[in-house]
Amino acid sequence: VLQPEPRRLQPEALTYSGSTPAGGLVGDLVEGGLGRPEDLQGRPVAGRILLVERGVIPVRDKAQNAANAGARAVIVYNNTAGNVMGTLSQQMAIPAVTISREEGLALVEMLRRGPVRVRLVVETAHETRTTWNVIGTRRGTREPGRALVIGGHYDSVARAPGANDNASGTAVVLEVARAVAGRAYPYTVKFIAFGAEEIGLRGSAHYVQTATDQTIAMVNIDVIGAGNAMVAANGAGNGPLLDLAEHVARRFGITLRRTRMGASDHLSFERRGVPAVFFTRYGGPPIHTPEDKLDHIRPALLREGALVAAHVVDEVASGRSRL
């Protein structure tokens with residue numbers, strides 16, 4: 001912050017953010033609500049640095065809306081305590097960073113008192129790297145060309161240990177594989193640890209584009225080791241897989257909430273018309289932060305997730321539950 005009072009903040013560059021010029025970018029700050037088009041309408045955004053709050057729409061859309069409105073850069077402040085790291089999923093021309101909620105609210109308060117001028121320095125590099133999907137296959141006995149996929153991503157974001165997001169999901173996938181290893185199913189079952197989820201579902205998108213068998217259903221496990229009641233979700237918030245998950249959870253006395261949710265690897269499959277269910281939990285320690293540590297993980301919650309997921313896999317792979 002240059003005016004009204006000098007102050008140094010601690011931004012995090014979003015993955016795929018553009019860079020500022022070598023000496024940084026100096027400009028006036030303007031508040032833009034949640035960064036939706038209706039929030040920006042009528043505001044003097046063009047040629048300025050836009051400050052928006054995280055939430056409701058993806059940060060990618062906030063950055064794109066800022067660029068469309070003529071902003072020179074966008075700063076996203078967190079909607080919970082502390083800062084958060086994330087991705088724009090695709091390369092952006094303008095610089096885009098996050099700051100903590102505390103820093104964001106301080107800027108909002110400054111703007112209410114008068115003009116705020118800032119210098120933003122962002123140095124990013126865009127490179128091609130290699131990642132892998134790790135796949136274990138249990139061949140079907142009668143229709144091996146039809147496959148049920150259960151998976152979870154194994155990557156994390158920079159400076160986040162990734163215990164809940166998503167070592168927890170990877171552990172549950174491995175436990176389901178152990179639980180059903182001795183069973184013979186008519187359909188093939190594939191156990192997949194996806195790479196590059198955090199930068200735009202790249203691993204799962206590659207899998208569905210290159211798979212040679214017919215995927216009949218997908219079970220996704222992501223952020224399952226801490227928090228409140230387990231959630232069963234997909235892009236529509238309904239469907240036979242969610243019905244089955246609810247039935248299985250009820251059988252074991254497990255509380256399960258149903259909702260509509262994308263932004264994880266099941267979305268890659270749903271885009272190809274594959275029925276999917278996404279198991280997760282709300283309310284754990286903040287993911288995408290240095291606080292996503294192993295000591296927050298509760299083994300009992302991992303067990304619940306594995307129990308429900310394994311029985312869903314068993315029902316579908318055996319052919320007892322038709323989708």
# chains A, B, ... in the order shown; residues from 1 in each chain; ligands from 1
>>> select_by_dssp(residues="range 93-260 of chain A", states="helix (DSSP H, G or I)", output="PyMOL selection string")
chain A and resi 101-113+163-180+202-210+240-251
>>> residues_around(residues="Arg251 in chain A", least_positions_apart="3", cutoff="12 Å", atoms="only C-alpha atoms", output="list in words")
Leu244, Ala245, Glu246, His247, Val248, Ile254, Thr255, Leu256, Leu307, Val308, His311 and Val312 of chain A
>>> residues_around(residues="Asp61 in chain A", least_positions_apart="6", cutoff="12 Å", atoms="only C-alpha atoms", output="PyMOL selection string")
chain A and resi 34-37+52+54-55+67-68+74+76+87-90+92+96
>>> select_by_dssp(residues="range 18-202 of chain A", states="strand (DSSP E)", output="PyMOL selection string")
chain A and resi 25-31+49-53+73-77+96-99+117-120+134-138+143-153+187-194
>>> residues_around(residues="Tyr77 in chain A", least_positions_apart="6", cutoff="6 Å", atoms="only C-alpha atoms", output="list in words")
Glu53, Arg54, Thr98, Ile99, Ser100, Arg101 and Gly104 of chain A
>>> write_last_selection(atoms="N, CA, C and O atoms", output="compact mmCIF listing (two decimals), in the first residue's frame")
# COMPACT_ATOMS: atom_id res chain seq x y z
N GLU A 53 -13.86 -10.20 -3.03
CA GLU A 53 -13.90 -11.21 -1.97
C GLU A 53 -14.04 -12.60 -2.58
O GLU A 53 -14.73 -12.80 -3.57
N ARG A 54 -13.39 -13.59 -1.97
CA ARG A 54 -13.52 -14.98 -2.39
C ARG A 54 -14.94 -15.48 -2.09
O ARG A 54 -15.57 -15.06 -1.14
N THR A 98 -4.07 -13.71 -4.18
CA THR A 98 -4.92 -13.76 -3.00
C THR A 98 -4.21 -13.09 -1.84
O THR A 98 -2.98 -13.06 -1.78
N ILE A 99 -5.01 -12.57 -0.91
CA ILE A 99 -4.50 -12.08 0.37
C ILE A 99 -5.42 -12.61 1.47
O ILE A 99 -6.50 -13.15 1.20
N SER A 100 -5.00 -12.45 2.71
CA SER A 100 -5.79 -12.94 3.83
C SER A 100 -7.06 -12.11 3.99
O SER A 100 -7.17 -10.98 3.49
N ARG A 101 -8.00 -12.68 4.70
CA ARG A 101 -9.23 -11.94 4.99
C ARG A 101 -8.93 -10.68 5.80
O ARG A 101 -9.50 -9.61 5.56
N GLY A 104 -7.55 -8.10 3.52
CA GLY A 104 -8.60 -7.63 2.63
C GLY A 104 -9.56 -6.66 3.30
O GLY A 104 -9.91 -5.62 2.74
>>> residues_around(residues="Val108 in chain A", least_positions_apart="5", cutoff="9 Å", atoms="only C-alpha atoms", output="number ranges by chain")
A: 31, 51, 103, 113
>>> write_last_selection(atoms="C-alpha atoms", output="PDB file, in the first residue's frame")
ATOM      1  CA  GLU A  31     -13.639  -2.595  -4.558  1.00  0.00           C
ATOM      2  CA  LEU A  51     -10.230  -5.939  -4.955  1.00  0.00           C
ATOM      3  CA  GLU A 103      -5.619  -7.815   4.970  1.00  0.00           C
ATOM      4  CA  ARG A 113     -12.176   6.481   4.036  1.00  0.00           C
TER       5      ARG A 113
END
>>> residues_around(residues="range 200-202 of chain A", least_positions_apart="4", cutoff="7 Å", atoms="only C-alpha atoms", output="mmCIF file with all heavy atoms, in the first residue's frame")
data_model
loop_
_atom_site.group_PDB
_atom_site.id
_atom_site.type_symbol
_atom_site.label_atom_id
_atom_site.label_comp_id
_atom_site.auth_asym_id
_atom_site.auth_seq_id
_atom_site.Cartn_x
_atom_site.Cartn_y
_atom_site.Cartn_z
ATOM 1 N N SER A 89 -6.982 -22.206 -13.177
ATOM 2 C CA SER A 89 -7.284 -23.312 -14.089
ATOM 3 C C SER A 89 -6.837 -23.072 -15.529
ATOM 4 O O SER A 89 -6.703 -24.010 -16.294
ATOM 5 C CB SER A 89 -8.779 -23.664 -14.074
ATOM 6 O OG SER A 89 -9.189 -24.026 -12.779
ATOM 7 N N ALA A 196 -2.463 -33.702 -10.846
ATOM 8 C CA ALA A 196 -2.776 -32.375 -11.395
ATOM 9 C C ALA A 196 -4.238 -31.966 -11.267
ATOM 10 O O ALA A 196 -4.748 -31.235 -12.102
ATOM 11 C CB ALA A 196 -2.333 -32.294 -12.852
ATOM 12 N N HIS A 206 -7.489 -36.013 -18.606
ATOM 13 C CA HIS A 206 -6.688 -36.840 -19.517
ATOM 14 C C HIS A 206 -7.192 -38.279 -19.508
ATOM 15 O O HIS A 206 -7.284 -38.928 -20.569
ATOM 16 C CB HIS A 206 -5.220 -36.802 -19.112
ATOM 17 C CG HIS A 206 -4.343 -37.705 -19.919
ATOM 18 N ND1 HIS A 206 -3.928 -37.392 -21.187
ATOM 19 C CD2 HIS A 206 -3.839 -38.935 -19.641
ATOM 20 C CE1 HIS A 206 -3.181 -38.382 -21.659
ATOM 21 N NE2 HIS A 206 -3.113 -39.326 -20.736
ATOM 22 N N SER A 264 -14.137 -30.930 -8.604
ATOM 23 C CA SER A 264 -13.233 -32.012 -8.257
ATOM 24 C C SER A 264 -13.271 -33.018 -9.404
ATOM 25 O O SER A 264 -13.982 -32.818 -10.395
ATOM 26 C CB SER A 264 -13.621 -32.650 -6.918
ATOM 27 O OG SER A 264 -12.621 -33.567 -6.490
ATOM 28 N N ASP A 265 -12.534 -34.115 -9.267
ATOM 29 C CA ASP A 265 -12.302 -34.981 -10.420
ATOM 30 C C ASP A 265 -13.555 -35.644 -10.986
ATOM 31 O O ASP A 265 -13.561 -36.032 -12.165
ATOM 32 C CB ASP A 265 -11.272 -36.051 -10.064
ATOM 33 C CG ASP A 265 -9.857 -35.495 -10.016
ATOM 34 O OD1 ASP A 265 -9.472 -34.784 -10.966
ATOM 35 O OD2 ASP A 265 -9.144 -35.748 -9.044
#
>>> decode(residues="range 197-303 of chain A", atoms="C-alpha atoms", output="mmCIF file, in the first residue's frame")
data_model
loop_
_atom_site.group_PDB
_atom_site.id
_atom_site.type_symbol
_atom_site.label_atom_id
_atom_site.label_comp_id
_atom_site.auth_asym_id
_atom_site.auth_seq_id
_atom_site.Cartn_x
_atom_site.Cartn_y
_atom_site.Cartn_z
ATOM 1 C CA GLU A 197 -6.271 -31.940 -9.970
ATOM 2 C CA GLU A 198 -5.364 -28.707 -8.252
ATOM 3 C CA ILE A 199 -4.403 -26.934 -11.477
ATOM 4 C CA GLY A 200 -7.585 -27.720 -13.373
ATOM 5 C CA LEU A 201 -8.564 -31.426 -13.093
ATOM 6 C CA ARG A 202 -5.824 -32.222 -15.618
ATOM 7 C CA GLY A 203 -5.226 -35.847 -14.604
ATOM 8 C CA SER A 204 -8.867 -36.932 -14.612
ATOM 9 C CA ALA A 205 -9.565 -35.004 -17.812
ATOM 10 C CA HIS A 206 -6.688 -36.840 -19.517
ATOM 11 C CA TYR A 207 -7.999 -40.175 -18.243
ATOM 12 C CA VAL A 208 -11.506 -39.758 -19.637
ATOM 13 C CA GLN A 209 -10.099 -38.549 -22.959
ATOM 14 C CA THR A 210 -7.851 -41.582 -23.385
ATOM 15 C CA ALA A 211 -9.717 -44.441 -21.647
ATOM 16 C CA THR A 212 -10.307 -47.391 -23.967
ATOM 17 C CA ASP A 213 -13.004 -49.082 -21.902
ATOM 18 C CA GLN A 214 -16.521 -47.880 -21.098
ATOM 19 C CA THR A 215 -16.719 -46.165 -17.709
ATOM 20 C CA ILE A 216 -20.086 -47.028 -16.172
ATOM 21 C CA ALA A 217 -19.711 -44.935 -12.980
ATOM 22 C CA MET A 218 -17.202 -42.885 -11.014
ATOM 23 C CA VAL A 219 -16.725 -42.581 -7.237
ATOM 24 C CA ASN A 220 -14.602 -39.590 -6.199
ATOM 25 C CA ILE A 221 -13.022 -39.149 -2.745
ATOM 26 C CA ASP A 222 -11.671 -35.696 -1.890
ATOM 27 C CA VAL A 223 -11.235 -33.983 1.530
ATOM 28 C CA ILE A 224 -12.728 -36.751 3.674
ATOM 29 C CA GLY A 225 -10.544 -36.946 6.805
ATOM 30 C CA ALA A 226 -11.791 -34.014 8.911
ATOM 31 C CA GLY A 227 -14.879 -31.917 9.415
ATOM 32 C CA ASN A 228 -18.561 -32.524 9.927
ATOM 33 C CA ALA A 229 -21.055 -34.939 8.369
ATOM 34 C CA MET A 230 -20.060 -36.732 5.192
ATOM 35 C CA VAL A 231 -21.429 -35.269 1.968
ATOM 36 C CA ALA A 232 -22.486 -37.123 -1.178
ATOM 37 C CA ALA A 233 -22.544 -34.808 -4.162
ATOM 38 C CA ASN A 234 -22.337 -34.459 -7.899
ATOM 39 C CA GLY A 235 -22.962 -31.748 -10.446
ATOM 40 C CA ALA A 236 -26.747 -32.138 -10.291
ATOM 41 C CA GLY A 237 -27.148 -33.041 -6.623
ATOM 42 C CA ASN A 238 -29.197 -36.139 -7.439
ATOM 43 C CA GLY A 239 -29.179 -39.437 -9.296
ATOM 44 C CA PRO A 240 -29.039 -43.182 -8.555
ATOM 45 C CA LEU A 241 -25.485 -43.109 -7.189
ATOM 46 C CA LEU A 242 -26.474 -40.548 -4.582
ATOM 47 C CA ASP A 243 -29.538 -42.633 -3.757
ATOM 48 C CA LEU A 244 -27.307 -45.678 -3.333
ATOM 49 C CA ALA A 245 -24.820 -43.761 -1.164
ATOM 50 C CA GLU A 246 -27.627 -42.552 1.075
ATOM 51 C CA HIS A 247 -29.014 -46.089 1.389
ATOM 52 C CA VAL A 248 -25.587 -47.512 2.315
ATOM 53 C CA ALA A 249 -24.878 -44.770 4.871
ATOM 54 C CA ARG A 250 -28.275 -45.293 6.494
ATOM 55 C CA ARG A 251 -27.578 -49.024 6.759
ATOM 56 C CA PHE A 252 -24.497 -48.287 8.873
ATOM 57 C CA GLY A 253 -25.984 -45.406 10.871
ATOM 58 C CA ILE A 254 -23.774 -42.820 9.186
ATOM 59 C CA THR A 255 -25.082 -39.290 8.700
ATOM 60 C CA LEU A 256 -24.873 -38.312 5.048
ATOM 61 C CA ARG A 257 -25.862 -35.027 3.408
ATOM 62 C CA ARG A 258 -26.689 -34.680 -0.266
ATOM 63 C CA THR A 259 -25.790 -31.606 -2.247
ATOM 64 C CA ARG A 260 -24.730 -30.256 -5.622
ATOM 65 C CA MET A 261 -20.998 -29.732 -6.084
ATOM 66 C CA GLY A 262 -18.418 -29.716 -8.874
ATOM 67 C CA ALA A 263 -14.783 -28.581 -8.795
ATOM 68 C CA SER A 264 -13.233 -32.012 -8.257
ATOM 69 C CA ASP A 265 -12.302 -34.981 -10.420
ATOM 70 C CA HIS A 266 -15.837 -36.368 -10.764
ATOM 71 C CA LEU A 267 -16.603 -33.337 -12.923
ATOM 72 C CA SER A 268 -14.308 -34.651 -15.687
ATOM 73 C CA PHE A 269 -16.411 -37.819 -15.843
ATOM 74 C CA GLU A 270 -19.755 -36.042 -15.656
ATOM 75 C CA ARG A 271 -18.731 -33.899 -18.614
ATOM 76 C CA ARG A 272 -18.538 -37.164 -20.576
ATOM 77 C CA GLY A 273 -21.958 -38.310 -19.358
ATOM 78 C CA VAL A 274 -20.674 -40.749 -16.710
ATOM 79 C CA PRO A 275 -22.764 -41.009 -13.494
ATOM 80 C CA ALA A 276 -20.680 -39.951 -10.501
ATOM 81 C CA VAL A 277 -20.779 -39.492 -6.739
ATOM 82 C CA PHE A 278 -18.361 -37.299 -4.784
ATOM 83 C CA PHE A 279 -17.704 -38.050 -1.097
ATOM 84 C CA THR A 280 -16.317 -35.167 0.964
ATOM 85 C CA ARG A 281 -16.796 -33.303 4.252
ATOM 86 C CA TYR A 282 -17.367 -29.685 5.213
ATOM 87 C CA GLY A 283 -15.983 -27.835 8.194
ATOM 88 C CA GLY A 284 -12.478 -29.203 8.621
ATOM 89 C CA PRO A 285 -9.304 -27.146 9.005
ATOM 90 C CA PRO A 286 -8.697 -24.825 6.054
ATOM 91 C CA ILE A 287 -7.392 -26.604 2.966
ATOM 92 C CA HIS A 288 -4.959 -24.924 0.544
ATOM 93 C CA THR A 289 -3.117 -23.501 3.555
ATOM 94 C CA PRO A 290 -0.127 -24.553 5.693
ATOM 95 C CA GLU A 291 -2.659 -25.727 8.307
ATOM 96 C CA ASP A 292 -3.741 -28.760 6.257
ATOM 97 C CA LYS A 293 -1.680 -31.058 8.484
ATOM 98 C CA LEU A 294 -1.851 -34.710 9.462
ATOM 99 C CA ASP A 295 -2.712 -33.991 13.091
ATOM 100 C CA HIS A 296 -6.138 -32.713 11.978
ATOM 101 C CA ILE A 297 -7.052 -36.021 10.322
ATOM 102 C CA ARG A 298 -9.463 -38.280 12.249
ATOM 103 C CA PRO A 299 -9.075 -41.987 11.473
ATOM 104 C CA ALA A 300 -12.714 -42.674 12.386
ATOM 105 C CA LEU A 301 -13.849 -40.355 9.589
ATOM 106 C CA LEU A 302 -11.559 -42.090 7.112
ATOM 107 C CA ARG A 303 -13.105 -45.380 8.179
#
